[in-house]
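Chemist: Got a structure for you, written out below as structure tokens; questions coming shortly.
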Amino acid sequence: MKYYFQLQFRRIQRKIEAFGIQPTLGIVLAIVMFILFSKFLFYKTRFAPWIYLAVAVSILVNLGEQKRSDLLKNIFLAKPFRQVRMLENALIVLPFCLYLIYEGSYWLALGLPIVASLLANFTFRQVFHFTIPTPFWKFPFEFIVGFRKLSLLVLIGFLLTFQAIRVENHNLGFFSLGLQFFIALMYYNQPENPYFVWIFKGTSQQFLRKKIVAGLICSSITNFLIFSILIFFFSEHWMILIGIQIFGYVLLIAIILAKYSAFPSEMSLPQVLLYLISLIFPPLFLFTIPMFYKQSKQKLKPFLK
């Protein structure tokens, strides 16, 4: 069991090294980003503890996925298997619990380890034998796969929208609309197999145009209901809502181009940092989007001759 966790830690180190950063520094940066995201979430909405809880549970459910559990059962006997699952879940919820304690959400901080220990006893794909339907079947895989993996977060976004209307809090509504775009950005974090690019009949420019158009259409499908509801109930803030929608499209275009600017590898640390800096200071997208576009064409050219 000790070797298993040493191996997992080494895999994490190699993932960080693939970003072009020293592992220790990468771990420190991940902790800092986790804290900053947590502070931002708790600053923005009073429902942050419940969103926090949903995110943690979503991660735990993924850890209990059937194929992964079956692999662990082939490695460990029953008792060590249970110990591994319990320890994995404990390590996952530890940072969430510490921050919940910092924010004074003591009951949730106490309940989360209990939930984690209970979920360690379940293999989830054995429980749920259904495929979540999506409206994206005519489009590339990113939204189909991403929507199914992060469907819980998508649902939370809709619930926040209805809560914003119920309590007449337009800021919470803005957050729920923006959340849908940030969820969509997560769909593009992994490059596909080069074969699925190679079979495309067209130039790199045509490939990128198709990907961008598909991304904009799919994100519009996801956001249409939330945007329509918010524009109806908070019509006096229509300019802000349209601004969020347009900015979300810019973020989506940028992440698609950033993804293929590193293809067939994952995005490197400099690319991620440049994207994050542009997110903090949006005028930089006037520079980063053309740069990512140029790099993407160069990276895709060998596969799309």
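Ligands are numbered from 1 in the order shown, chains are lettered A, B, ... in the order of the structure tokens, and residues start at 1 in each chain.
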With only C-alpha atoms as the counted atoms, please give the residues lying no more than 12 Å from Leu159 (chain A), apart from itself and same-chain residues fewer than 2 positions off, as a list in words.
Modeler: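 Listing them by chain and then by number gives Phe47, Trp50, Ile51, Leu152, Leu153, Val154, Leu155, Ile156, Gly157, Thr161, Phe162, Gln163, Ala164, Ile165, Arg166, Leu172, Gly173, Phe175, Ser176, Leu177, Leu179, Gln180 and Ile226 of chain A.
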Chemist: With only C-alpha atoms as the counted atoms, please give the residues lying no more than 10 Å from Thr203 (chain A), apart from itself and same-chain residues fewer than 2 positions off, as a PyMOL selection string.
Modeler: chain A and resi 200-201+205-209+297+300-301+303-305
Chemist: Kindly give the distance, in Å, that separates CA of Lys210 (chain A) and CA of Val197 (chain A), rounded to a single decimal.
Modeler: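 Computing it gives 11.8 Å between the two atoms.
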Chemist: Taking into account only C-alpha atoms, which residue in the set A:Leu100, A:Leu251, A:Leu185, A:Leu257 is nearest to Pro283 (chain A)?
Modeler: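 Between A:Leu100, A:Leu251, A:Leu185, A:Leu257, the residue approaching Pro283 (chain A) most closely is A:Leu251.
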Chemist: Excluding region 267-274 of chain A and residues on its chain fewer than 6 positions from it, collect all residues at most 10 Å away from it, counting only C-alpha atoms, and give them as a ChimeraX atom specification.
Modeler: /A:16-21,26,189-191,255,258-261,280,284-285,288,292
Chemist: Hey, which bits of region 138-217 of chain A sit within 12 Å of region 62-65 of chain A, and for each residue what's the closest pair of atoms and how far apart in Å (one decimal), counting only C-alpha atoms, rows by chain and increasing number, as a Markdown table?
Modeler:
```
| residue | atom | partner | partner_atom | distance |
| --- | --- | --- | --- | --- |
| A:Arg148 | CA | A:Asn62 | CA | 11.6 |
| A:Lys149 | CA | A:Asn62 | CA | 8.5 |
| A:Leu150 | CA | A:Asn62 | CA | 10.0 |
| A:Leu152 | CA | A:Asn62 | CA | 11.5 |
```
Chemist: If I take CA of Val93 (chain A) and CA of Pro113 (chain A), how far is one from the other in Å, to one decimal?
Modeler: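 CA of Pro113 (chain A) lies at a distance of 6.7 Å from CA of Val93 (chain A).
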Chemist: Could you work out how far CA of Phe224 (chain A) lies from CA of Lys211 (chain A), giving the answer in Å with one decimal?
Modeler: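 Rounded to one decimal, the two atoms are 19.6 Å apart.
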